Amino acid sequence: MAFGLIKYGLSPSYPGKRFLSRQPELKSSYDVVIIGGGGHGLACAYYLAKNHGVKNVAVLEKGYIGGGNTGRNTAIIRSNYLTPEGVAFYDESVRLFQGLSEDLDFNILYTERGHFTLAHTDAAMRTSRWRAEVNKHLGVNSEVVDREDLRKLVPCMNLSEDVRHPVLGALYHPPGSIARHDAVAWGYAGRAAELGVEIHQGTEVTGLEIEGGRITGVVTNRGHVGCGKAMQAVAGLSGVMAAKAGFKLPIRTVPLQACVSMPLKPFLDPIIVSGSLHIYISQGSRGELVMGGSTDPYPRYQTRSTLDFMEGLMAHILELFPFLADVPVLRQWAGMTDMTPDFSPVMGETPVKNYYIDSGWGTWGFKATPVCGKRMAETIATARVPELLQPFRLSRFEEYHLVGEKGAASVGH
Ligand code: FAD
Ligand code: PYC
């Protein structure tokens, strides 16, 4: 060990194996260009190479991989959605997450915690029952529990009736999990690179080249790159990139904030969400309490943290966990989320031929990273949109076939 450290300390060049090899020069063209090196773009690149043998692929990331919403989210993974289309889609993702550390040979710290969506009103209890029934019908483990059940399952939570918003019960989803979000990005990046995918950080796509209605290349801050096919996976900047391709998305970009406390001894195993109080909390593997609420009340392309958010969040967190009153918050941050009218994503084809879209992930897209990557790779490689993705096509908005997930998207919005 001591010798190894000295070798690291004295070596003029880095002696270890690099996780990602040195960034290559950009080639003049690729079979597939993926715009955005978040979890979604990297997962798609990995499955293109692994499942379809499409390896002449470049992921172009304007900053650093995982530095967007992938590295800013609160890592909740679950499939307790409201619509049959949503439940089937997120269920495939949870299953992929369960085997992901093994698949990527990289520990993403996936831990199954159980997920509670608290109900404080009769209407919320009704939605819980509705979700539980849809979930069970599709083989997803969810059930409604009452306050007495909660006393046993989450003994540290304040279940007094003598508060402003007493808890009546909850939707309990045992498979609800958390994972280490940046490990997901790094795991996909590392394996994709091993398979031959090029990952170019510090490479911003500033324009798209479209001839005869089809994508032929992209313009970047490092020059022109030709492509046979391209996909945008740029989260909060989805509308901006779509505008470069010449079409409009029914998407508003809205900041979403979160924070973590100082580390505490483990006391909170499950993930607790309250749509009525607009808060959620879990305890991460380092002991930090990971907390967040609903989106900011206005659309904006920025990631500012606000005192207003923190005050509202803490007032409600302390209603459920009053003993946390003296625990300091260590960090607060925000991401830009691309919100759709029906709180479901937009995936698949676009009006531009061979130009694909992976967007509308709002506040709910981390949990979809594996399934979206896998199924978008299938879409790009085969030029056929799989059945699982069909309900989430862009054209659903003009066809009035929305996939309404507002009641299950995350916290209330
Ligand atoms: P990103 O990780 O944002 O990647 C997009 C990348 O595109 C960025 O790295 C960006 O730099 C790059 N890019 C943008 N424009 C360009 C360009 N012109 N050229 C090149 N690159 C470009 N989801 C859940 O499922 N569970 C949660 O608990 C959860 N909590 C959340 C909490 C917060 C505070 C936030 C902000 C989001 C949360 N989400 C959650 C949502 C989730 O984080 C996102 O939906 C998901 O990370 C989207 O992944 P992505 O790869 O599409 O986007
Ligand atoms: O999608 O479960 C979710 C979530 C929780 C907080 C933000 N998103």
# chains A, B, ... in the order shown; residues from 1 in each chain; ligands from 1
call {"tool": "residues_near_ligand", "arguments": {"ligand": "ligand 1", "cutoff": "6 Å", "atoms": "only C-alpha atoms and all ligand atoms", "output": "ChimeraX atom specification"}}
result
/A:35-41,60-63,65-70,72-77,203-206,233-235,237,256-258,334-337,361-367
call {"tool": "residues_around", "arguments": {"residues": "A:Gly287", "least_positions_apart": "5", "cutoff": "8 Å", "atoms": "only C-alpha atoms", "output": "list in words"}}
result
Met262, Pro263, Leu264, Lys265 and Pro266 of chain A
call {"tool": "write_last_selection", "arguments": {"atoms": "N, CA and C atoms", "output": "short mmCIF file (atom, residue, chain, number, x, y, z; two decimals), in the first residue's frame"}}
result
data_model
loop_
_atom_site.label_atom_id
_atom_site.label_comp_id
_atom_site.auth_asym_id
_atom_site.auth_seq_id
_atom_site.Cartn_x
_atom_site.Cartn_y
_atom_site.Cartn_z
N MET A 262 -26.18 17.74 7.05
CA MET A 262 -24.94 17.09 7.50
C MET A 262 -25.25 15.59 7.72
N PRO A 263 -24.22 14.74 7.68
CA PRO A 263 -24.48 13.30 7.86
C PRO A 263 -24.95 12.98 9.28
N LEU A 264 -25.91 12.08 9.37
CA LEU A 264 -26.42 11.63 10.67
C LEU A 264 -26.32 10.11 10.73
N LYS A 265 -26.33 9.57 11.95
CA LYS A 265 -26.40 8.11 12.09
C LYS A 265 -27.64 7.60 11.35
N PRO A 266 -27.58 6.46 10.68
CA PRO A 266 -28.76 6.00 9.94
C PRO A 266 -29.98 5.86 10.86
#
call {"tool": "residues_around", "arguments": {"residues": "stretch 94-100 of chain A", "least_positions_apart": "2", "cutoff": "7 Å", "atoms": "only C-alpha atoms", "output": "JSON, numbers by chain"}}
result
{"A": [77, 78, 79, 90, 91, 92, 102, 103, 104, 370]}
call {"tool": "residues_around", "arguments": {"residues": "A:Ser238", "least_positions_apart": "5", "cutoff": "8 Å", "atoms": "only C-alpha atoms", "output": "PyMOL selection string"}}
result
chain A and resi 232-233+249+251+338+359-360
call {"tool": "closest_residue", "arguments": {"among": "A:Ser13, A:Asn51, A:Ser29, A:Thr83", "to": "A:Ala377", "atoms": "only C-alpha atoms"}}
result
A:Asn51
call {"tool": "closest_residue", "arguments": {"among": "A:Lys7, A:Asn56, A:Ala383, A:Ala368", "to": "ligand 2", "atoms": "only C-alpha atoms and all ligand atoms"}}
result
A:Ala368
call {"tool": "select_by_dssp", "arguments": {"residues": "stretch 218-370 of chain A", "states": "strand (DSSP E)", "output": "PyMOL selection string"}}
result
chain A and resi 218-220+223-232+252-261+271-274+279-283+289-293+329-339+346-349+355-359
call {"tool": "closest_residue", "arguments": {"among": "A:Leu208, A:Leu10, A:Ile279, A:Leu109", "to": "ligand 2", "atoms": "only C-alpha atoms and all ligand atoms"}}
result
A:Ile279
